[in-house]
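So the structure is just underneath, and the comments pick up after that.
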Amino acid sequence: MKSKKLKIYGILIGGILLAGTAMGCGDKTARENQGAYRQIGINNLQEGKYEDAVEAFQKALDESLATIGEEELDICYYKAEAQYLAGDTEGALSTYTALIDYDEKNADAYYLRGSLYLLEGQSENAFSDYTSAVENDNTNYDLYIQVYSDLKDAGYADQAKEYLTEAVQVSGKEAEDYTMRGKAYALLGEYDKAAEQLDKALELESNDAILYRAQVYEAVGDAQKAQSMYEDYVKTNKDNPAALGSLGGMLLEKGKYDEALHYIQTALAADDVENEQTLRKNEILAYEYKGDFASAKEKMASYVEDYPEDETALREYQFLQTR
């Protein structure tokens, strides 16, 4: 988004009132201060000091000099995240609302506010914001799929499916178009259509299509082809936990325990691990199958502490204590 000079007095964004005056010679100092406060806010956010982060981001916004551009919008997003994590849900919603009031076509703000409404159990507001988000960014496959995932996880399977149905209608003949339509079809369980789209993406040399094609092969029970494609994918994508974990699980089933452990543990060490519980269970199984009961017991002790509701694991832990 290009920077926008405010043309009227009194526009509210991110919790500050910006006046329609320019500061001239103070611009450089204000920008330096803004950058410093922004970084302090990010550091506090990463350290879990959420209230301090909110304060720092607000100070950064106070240095805006009556101009809203990409930097100010970025700070507002950070501020809203910090507000929510600090327990100030209403404040976060207000910040997203200010972003929307400033730019009524801001799909990101609609999506984020919708997600927050969903977490708060305000489903009708969430549905409305998700609709606005995709209306204002109707060729963004990632947005459709993320909304689907949010709604599905919240128990709204029927509403979630509608977004995948819309996603596969997005036109386009680039590699990414075929890849993302294939992914959407796979999530819908329409594996033949998914394979058709992904094979076209592979012809156009889409790297991501390798991963999704492997997942489709796995879903239809062709483990051999799935493993081969996972292996091809991780050669150049060694930090993708989904691919690493799937390959590790397949190797575990084939009795290749050392190889399985390598991929499972590499997946666990990656950022943004979505299926950590499954990976940790497979790690324990690999140690058990290897006969390394001491390592299995150590890993299981940590696992049952983090997942006490897993009664099967608790029984397995009691068994390991006897080994």
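Within each chain, counting starts at residue 1; across the structure tokens, chains are named A, B, ... in the order shown, with ligands numbered 1 upward in that order.
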- Message: Applying 9 Å and only C-alpha atoms, which residues near Glu276 of chain A remain after dropping the ones on its own chain fewer than 5 positions away? List them as a PyMOL selection string.
- Response: chain A and resi 267-268+281
- Message: Based on the backbone DSSP call, show me all residues of segment 40-207 of chain A assigned helix (DSSP H, G or I), as an MDAnalysis selection string.
- Response: chainID A and resid 40:46 50:62 70:85 89:102 107:119 123:135 141:153 157:167 175:188 191:203 207
- Name the residues in contact with Glu90 of chain A at a cut-off of 12 Å, using only C-alpha atoms, excluding same-chain residues fewer than 6 positions from it; report them as a PyMOL selection string. chain A and resi 15+80-81+83-84+96-97+113+116-117+120
Can those selected residues be exported to a file as an mmCIF file, in the first residue's frame so that it contains C-alpha atoms?
```cif
data_model
loop_
_atom_site.group_PDB
_atom_site.id
_atom_site.type_symbol
_atom_site.label_atom_id
_atom_site.label_comp_id
_atom_site.auth_asym_id
_atom_site.auth_seq_id
_atom_site.Cartn_x
_atom_site.Cartn_y
_atom_site.Cartn_z
ATOM 1 C CA GLY A 15 -5.548 4.458 19.051
ATOM 2 C CA ALA A 80 -3.222 -5.222 17.852
ATOM 3 C CA GLU A 81 -1.372 -8.513 18.311
ATOM 4 C CA GLN A 83 -3.084 -5.964 22.809
ATOM 5 C CA TYR A 84 -4.728 -9.340 22.305
ATOM 6 C CA TYR A 96 -8.324 -3.502 13.633
ATOM 7 C CA THR A 97 -11.504 -1.452 13.305
ATOM 8 C CA ARG A 113 -10.548 -8.945 13.108
ATOM 9 C CA LEU A 116 -10.347 -12.498 16.728
ATOM 10 C CA TYR A 117 -14.151 -12.414 16.707
ATOM 11 C CA GLU A 120 -14.152 -14.740 21.178
#
```
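From atom CA of Tyr77 of chain A back to atom CA of Gly41 of chain A, the distance works out to 11.7 Å.
Non-sequential neighbours of segment 237-250 of chain A (distance at most 8 Å, separation of 6 or more positions within a chain, only C-alpha atoms) are Leu211, Ala223, Gln227, Tyr230, Glu231, Glu259, Ala260, Leu261, His262, Tyr263, Ile264, Thr266, Ala267, Leu268, Ala270, Asp271, Asp272, Val273, Glu274, Asn275, Leu279 and Asn282 of chain A.
Proximity of A:Ala301, A:Glu190, A:Tyr257, A:Val170 to Glu283 of chain A, computed with only C-alpha atoms, is greatest for A:Tyr257.
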- atom CA of Glu298 of chain A and atom CA of Leu251 of chain A are how many Å apart? 22.3 Å
- Message: as a ChimeraX atom specification, please: the residues near Glu305 of chain A (cut-off 10 Å, only C-alpha atoms, same-chain neighbours under 5 positions excluded).
- Response: /A:300,310,314
Write the residues of the preceding selection, restricted to N, CA and C atoms, as an mmCIF file, in the first residue's frame.
```
data_model
loop_
_atom_site.group_PDB
_atom_site.id
_atom_site.type_symbol
_atom_site.label_atom_id
_atom_site.label_comp_id
_atom_site.auth_asym_id
_atom_site.auth_seq_id
_atom_site.Cartn_x
_atom_site.Cartn_y
_atom_site.Cartn_z
ATOM 1 N N MET A 300 9.076 -39.638 26.798
ATOM 2 C CA MET A 300 7.699 -39.849 27.235
ATOM 3 C C MET A 300 7.387 -39.061 28.500
ATOM 4 N N ASP A 310 -3.679 -37.540 27.277
ATOM 5 C CA ASP A 310 -3.418 -38.715 26.445
ATOM 6 C C ASP A 310 -3.262 -39.939 27.356
ATOM 7 N N LEU A 314 -0.018 -42.306 28.860
ATOM 8 C CA LEU A 314 0.230 -42.513 30.280
ATOM 9 C C LEU A 314 0.453 -43.988 30.591
#
```
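In this comparison, which uses only C-alpha atoms, the residue of A:Ser206, A:Thr29, A:Gln318, A:Gln277 approaching Tyr303 of chain A most closely is A:Gln277.
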- Skipping near chain neighbours, those fewer than 4 positions away, what residues fall within 10 Å of segment 124-128 of chain A using only C-alpha atoms, listed as a ChimeraX atom specification? /A:110-120,132-133,147,151,159
Okay, now the selection with C-alpha atoms, as a tab-separated table (two decimals), in the first residue's frame?
```tsv
chain	number	residue	atom	x	y	z
A	110	TYR	CA	-10.96	-7.77	8.01
A	111	TYR	CA	-9.41	-11.24	8.20
A	112	LEU	CA	-7.55	-10.56	11.44
A	113	ARG	CA	-10.55	-8.94	13.11
A	114	GLY	CA	-12.71	-11.84	11.95
A	115	SER	CA	-10.26	-14.33	13.42
A	116	LEU	CA	-10.35	-12.50	16.73
A	117	TYR	CA	-14.15	-12.41	16.71
A	118	LEU	CA	-14.13	-16.17	16.06
A	119	LEU	CA	-11.81	-16.79	19.01
A	120	GLU	CA	-14.15	-14.74	21.18
A	132	SER	CA	-15.46	-8.82	3.52
A	133	ALA	CA	-11.89	-10.08	3.51
A	147	VAL	CA	-10.36	-18.86	6.54
A	151	LEU	CA	-13.66	-22.12	10.58
A	159	GLN	CA	-19.15	-22.72	6.30
```
- Note on the structure: Shortest contact to Arg31 of chain A, candidates A:Val216, A:Ala195, A:Ala60, A:Leu202, atoms counted only C-alpha atoms, goes to A:Ala60
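Excluding Glu32 of chain A and any residue on its chain fewer than 6 positions from it, the residues at most 12 Å away by only C-alpha atoms are Gly26, Arg38, Gln39, Ala60, Glu63, Ser64 and Glu71 of chain A.
Taking atom CA of Asp258 of chain A and atom CA of Ser302 of chain A as endpoints, the distance between them is 21.0 Å.
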